[in-house]
Amino acid sequence: MIEVNDIYKSFGDNEVLRGISANFEPGKISLIIGGSGSGKSTLLKCMVGLHEPNKGKVLYQKQDFTRLNFEERIPIRKEIGMLFQNSALFDSMTVEENITFPLQMFSEMSNKERIERANFCLERVNLEGRNKLFPAELSGGMKKRVGIARAIAMTPKYLFCDEPNSGLDPRTSIVIDELIQDITEEYNTTTVVVTHDMNSVMGIGQYILFLYQGEKKWEGSNKEIAHSDVEELNDFVFASPFMKIAKEKF
Amino acid sequence: MFFTSFGKYLLLLKTVFKKPEKGSIYWKEIMHEMNSIGVGSLGLVAIISTFIGAVMTMQIAFQLVSDLIPNSIIGQINRDSSILELSPTISALVLAGKVGSSISSQIGSMRVTEQIDALEIMGINAPGYLILPKILAGITMVPVLVIISIFLALSGGLIGGALSGAVTPSDYIMGITGDFRGYTIAVALVKAFVFGFIITTIAAYHGFYVKGGALEVGQASTKSVVVSCIMILVADYVITALML
């Protein structure tokens, strides 16, 4: 369980987050949605400690993450897996080395065990046999899947995904969404996904947090979103002609 | 502005020298960086040192046209100039361009593609993992390269002097072996050690704090070379003033 309490974050005079509070539960996929510049990626980065909030708390299992120093955060960070927008795979390492890297750093596994774990993770994301390829040799969708494989290598309790579908075709986006859903159920992870992909919202959004200009405007599930009377949310969700037609059919 | 940057540089170094998470991984990285900085720069340093040694011999011979001065003095001047100044400083300036820009752009690219964020999320001390092996490789390999550079500059002087007829090999060898003071090698090694530290840390600092995209990575790389070159010359002056 992750609790976000009254988070404020500014960059200079630009106040990006204003008093965001939310609870993210285990075994559930929580989506943070909103337009460009609404603060969703900043909120995610505050949650994982890449940005320090100006005010407010991020609690992991009631432990205040924001008050911990780098060393004190390590035990929690070992339980975090993160999929980055551009996958953030290490260019100089092969797929297998990317996946085994956190295991090599923090586990006492033998080389054989690490490779077995990498093979398992690659199998899990349907990329078996691609161990020796470098990130430059992979397509965008494959990079995302390797990113997921690396994120689950340490069997995380918390999974964060920053725009997992950006730059992917609709079919591959669905594959990635299904993968995130399967992993969340399988490992009972607390999964937080930042997205503006409406297919993801409607498909996997068990809990949705809508941000507008740095403020929380709405929260609910994908089943409730179509019936919301929040104007900003409706403008965002039903911006495309396709979604407008879909709304009429609801 | 200068004090802000210098403060950030010192804080980064403080983080760099924290205890490594796992020594074996760092050791592998150090070996990799030593190969990259040392072996990777050997060819360039060798060519530059040999030619500078040869040219120095001819220029010294050109300036010392007197029957009162023995020809062996050409070798002696070339030796002391190469050991004390040319090999450490010219090698360091060349390495600031080659190694420094490479370190800065490598770390900068990792920053803009979120690879450094990925390391931090994993709980890895990113400055330590990325920068410490480079510093250790730099302070080890730059002195090695300087020693090789000194040897090649003196050899280049021998070849250049003989080919141009400026000084006979026997006079030259008499010059480079006569009145040799080992202390000059110590000065050269101190300079090389400090230059190795400057090249790697300044480049890493500029790369680590890049913000933006590919354009900013390029700018950071250029800036790191400029700042490193200036700092090498300042350090060169300070060490010379203190040790000689």
# chains A, B, ... in the order shown; residues from 1 in each chain; ligands from 1
$ interface_residues --of "chain A" --to "chain B" --cutoff "9 Å" --atoms "only C-alpha atoms" --output "NGL selection string"
:A and (48-50 or 70-71 or 73-91 or 102 or 104-106)
$ write_last_selection --atoms "N, CA and C atoms" --output "JSON list (two decimals), in the first residue's frame"
[["chain", "number", "residue", "atom", "x", "y", "z"],
["A", 48, "VAL", "N", 8.65, 7.87, -6.19],
["A", 48, "VAL", "CA", 9.80, 6.94, -6.19],
["A", 48, "VAL", "C", 11.09, 7.61, -5.69],
["A", 49, "GLY", "N", 11.01, 8.91, -5.38],
["A", 49, "GLY", "CA", 12.16, 9.59, -4.81],
["A", 49, "GLY", "C", 13.11, 10.20, -5.83],
["A", 50, "LEU", "N", 12.67, 10.29, -7.09],
["A", 50, "LEU", "CA", 13.53, 10.97, -8.08],
["A", 50, "LEU", "C", 13.38, 12.49, -7.95],
["A", 70, "PHE", "N", 19.28, 8.46, 1.50],
["A", 70, "PHE", "CA", 19.54, 7.52, 0.40],
["A", 70, "PHE", "C", 19.72, 6.09, 0.91],
["A", 71, "GLU", "N", 20.53, 5.92, 1.95],
["A", 71, "GLU", "CA", 20.81, 4.57, 2.48],
["A", 71, "GLU", "C", 19.55, 3.93, 3.07],
["A", 73, "ARG", "N", 16.58, 4.47, 2.23],
["A", 73, "ARG", "CA", 15.59, 4.17, 1.18],
["A", 73, "ARG", "C", 15.89, 2.87, 0.45],
["A", 74, "ILE", "N", 17.14, 2.39, 0.55],
["A", 74, "ILE", "CA", 17.55, 1.22, -0.25],
["A", 74, "ILE", "C", 16.64, -0.01, -0.05],
["A", 75, "PRO", "N", 16.28, -0.38, 1.21],
["A", 75, "PRO", "CA", 15.40, -1.55, 1.36],
["A", 75, "PRO", "C", 14.07, -1.39, 0.62],
["A", 76, "ILE", "N", 13.52, -0.16, 0.63],
["A", 76, "ILE", "CA", 12.25, 0.05, -0.09],
["A", 76, "ILE", "C", 12.51, 0.01, -1.60],
["A", 77, "ARG", "N", 13.60, 0.63, -2.01],
["A", 77, "ARG", "CA", 13.90, 0.68, -3.45],
["A", 77, "ARG", "C", 14.15, -0.71, -4.04],
["A", 78, "LYS", "N", 14.64, -1.62, -3.21],
["A", 78, "LYS", "CA", 14.84, -3.00, -3.70],
["A", 78, "LYS", "C", 13.49, -3.66, -4.02],
["A", 79, "GLU", "N", 12.43, -3.09, -3.44],
["A", 79, "GLU", "CA", 11.10, -3.66, -3.67],
["A", 79, "GLU", "C", 10.35, -2.92, -4.78],
["A", 80, "ILE", "N", 11.05, -1.95, -5.40],
["A", 80, "ILE", "CA", 10.41, -1.17, -6.46],
["A", 80, "ILE", "C", 10.93, -1.62, -7.82],
["A", 81, "GLY", "N", 10.00, -1.80, -8.74],
["A", 81, "GLY", "CA", 10.38, -2.02, -10.14],
["A", 81, "GLY", "C", 9.82, -0.87, -10.93],
["A", 82, "MET", "N", 10.57, -0.37, -11.90],
["A", 82, "MET", "CA", 10.03, 0.76, -12.65],
["A", 82, "MET", "C", 10.27, 0.60, -14.14],
["A", 83, "LEU", "N", 9.22, 0.85, -14.89],
["A", 83, "LEU", "CA", 9.32, 0.86, -16.35],
["A", 83, "LEU", "C", 9.30, 2.32, -16.79],
["A", 84, "PHE", "N", 10.36, 2.75, -17.46],
["A", 84, "PHE", "CA", 10.47, 4.16, -17.86],
["A", 84, "PHE", "C", 9.86, 4.39, -19.25],
["A", 85, "GLN", "N", 9.56, 5.66, -19.49],
["A", 85, "GLN", "CA", 8.92, 6.03, -20.76],
["A", 85, "GLN", "C", 9.75, 5.55, -21.95],
["A", 86, "ASN", "N", 11.06, 5.76, -21.88],
["A", 86, "ASN", "CA", 11.93, 5.32, -22.99],
["A", 86, "ASN", "C", 12.67, 4.04, -22.62],
["A", 87, "SER", "N", 12.10, 3.28, -21.74],
["A", 87, "SER", "CA", 12.62, 1.99, -21.26],
["A", 87, "SER", "C", 13.86, 2.12, -20.38],
["A", 88, "ALA", "N", 14.75, 3.09, -20.70],
["A", 88, "ALA", "CA", 15.97, 3.34, -19.89],
["A", 88, "ALA", "C", 16.81, 2.08, -19.71],
["A", 89, "LEU", "N", 16.91, 1.27, -20.76],
["A", 89, "LEU", "CA", 17.80, 0.10, -20.67],
["A", 89, "LEU", "C", 19.24, 0.59, -20.77],
["A", 90, "PHE", "N", 20.15, -0.11, -20.12],
["A", 90, "PHE", "CA", 21.56, 0.29, -20.17],
["A", 90, "PHE", "C", 22.15, -0.11, -21.53],
["A", 91, "ASP", "N", 22.52, 0.91, -22.30],
["A", 91, "ASP", "CA", 22.97, 0.70, -23.68],
["A", 91, "ASP", "C", 24.15, -0.24, -23.81],
["A", 102, "PRO", "N", 20.42, -5.81, -11.45],
["A", 102, "PRO", "CA", 20.02, -5.60, -10.03],
["A", 102, "PRO", "C", 20.26, -6.84, -9.17],
["A", 104, "GLN", "N", 22.68, -9.01, -9.59],
["A", 104, "GLN", "CA", 24.13, -9.06, -9.36],
["A", 104, "GLN", "C", 24.51, -8.09, -8.24],
["A", 105, "MET", "N", 23.85, -6.94, -8.23],
["A", 105, "MET", "CA", 24.19, -5.89, -7.27],
["A", 105, "MET", "C", 23.68, -6.23, -5.87],
["A", 106, "PHE", "N", 22.49, -6.80, -5.78],
["A", 106, "PHE", "CA", 21.86, -6.92, -4.46],
["A", 106, "PHE", "C", 21.55, -8.33, -3.98]]
$ select_by_dssp --residues "region 29-78 of chain B" --states "alpha helix (DSSP H)" --output "number ranges by chain"
B: 29-34, 40-63, 72-78
$ write_last_selection --atoms "C-alpha atoms" --output "CSV table (one decimal), in the first residue's frame"
chain,number,residue,atom,x,y,z
B,29,GLU,CA,34.1,-1.5,-14.2
B,30,ILE,CA,37.5,-0.2,-13.1
B,31,MET,CA,39.2,-2.7,-15.4
B,32,HIS,CA,36.9,-1.8,-18.3
B,33,GLU,CA,37.6,2.0,-17.8
B,34,MET,CA,41.4,1.4,-17.4
B,40,GLY,CA,42.3,3.4,-25.9
B,41,SER,CA,44.4,6.6,-25.7
B,42,LEU,CA,47.8,4.9,-26.2
B,43,GLY,CA,48.0,5.4,-29.9
B,44,LEU,CA,47.2,9.1,-29.8
B,45,VAL,CA,49.6,9.8,-27.0
B,46,ALA,CA,52.3,7.8,-28.7
B,47,ILE,CA,52.1,9.7,-32.0
B,48,ILE,CA,51.9,13.1,-30.3
B,49,SER,CA,54.8,12.4,-27.9
B,50,THR,CA,57.1,11.0,-30.6
B,51,PHE,CA,56.6,14.0,-32.9
B,52,ILE,CA,56.9,16.5,-30.1
B,53,GLY,CA,60.1,14.9,-28.9
B,54,ALA,CA,61.5,15.0,-32.5
B,55,VAL,CA,60.5,18.6,-33.1
B,56,MET,CA,61.8,19.8,-29.7
B,57,THR,CA,65.2,18.3,-30.5
B,58,MET,CA,65.4,20.1,-33.8
B,59,GLN,CA,64.2,23.4,-32.3
B,60,ILE,CA,66.6,23.3,-29.4
B,61,ALA,CA,69.5,22.5,-31.8
B,62,PHE,CA,68.4,25.5,-33.9
B,63,GLN,CA,68.4,27.9,-31.0
B,72,SER,CA,74.8,16.9,-25.5
B,73,ILE,CA,72.9,19.8,-23.8
B,74,ILE,CA,70.2,19.4,-26.5
B,75,GLY,CA,69.3,15.9,-25.1
B,76,GLN,CA,69.4,17.3,-21.6
B,77,ILE,CA,67.0,20.2,-22.3
B,78,ASN,CA,64.7,17.9,-24.3
$ atom_distance --atom1 "CA of Pro135 (chain A)" --atom2 "CA of Arg150 (chain A)"
12.5 Å
$ closest_residue --among "A:Val193, A:Asn54, A:Phe160, A:Gly147" --to "Gly12 (chain A)" --atoms "only C-alpha atoms"
A:Asn54
$ closest_atom_pairs --of "region 86-175 of chain A" --to "region 182-191 of chain A" --cutoff "10 Å" --atoms "only C-alpha atoms" --output "tab-separated table"
residue	atom	partner	partner_atom	distance
A:Arg124	CA	A:Ile183	CA	9.0
A:Val125	CA	A:Ile183	CA	9.8
A:Ile148	CA	A:Ile183	CA	9.3
A:Ile152	CA	A:Ile183	CA	8.2
A:Thr155	CA	A:Tyr187	CA	7.4
A:Pro156	CA	A:Thr189	CA	6.9
A:Lys157	CA	A:Thr189	CA	4.8
A:Tyr158	CA	A:Thr190	CA	4.7
A:Leu159	CA	A:Thr191	CA	4.6
A:Phe160	CA	A:Thr191	CA	5.8
A:Cys161	CA	A:Thr191	CA	7.8
$ closest_residue --among "B:Leu84, B:Ala162, B:Ile199, B:Ala126" --to "Ile103 (chain B)" --atoms "only C-alpha atoms"
B:Ile199
$ select_by_dssp --residues "region 50-148 of chain A" --states "strand (DSSP E)" --output "list in words"
Lys55, Gly56, Lys57, Val58, Leu59, Tyr60, Gln63, Asp64, Ile80, Gly81, Met82 and Leu83 of chain A
$ atom_distance --atom1 "CA of Ser173 (chain A)" --atom2 "CA of Val146 (chain A)"
14.3 Å
$ residues_around --residues "Gly203 (chain A)" --least-positions-apart "3" --cutoff "8 Å" --atoms "only C-alpha atoms" --output "MDAnalysis selection string"
chainID A and resid 177 199:200 222
$ closest_residue --among "A:Thr172, A:Asn111, A:Gln213, A:Ser228" --to "Gly141 (chain A)" --atoms "only C-alpha atoms"
A:Thr172
$ closest_residue --among "B:Ile239, B:Val210, B:Ile230, B:Ala204" --to "Glu85 (chain B)" --atoms "only C-alpha atoms"
B:Ile239
$ closest_residue --among "B:Ile131, B:Leu86, B:Leu12, B:Leu95" --to "Ser149 (chain B)" --atoms "only C-alpha atoms"
B:Leu86
$ atom_distance --atom1 "CA of Pro169 (chain B)" --atom2 "CA of Pro143 (chain B)"
27.6 Å
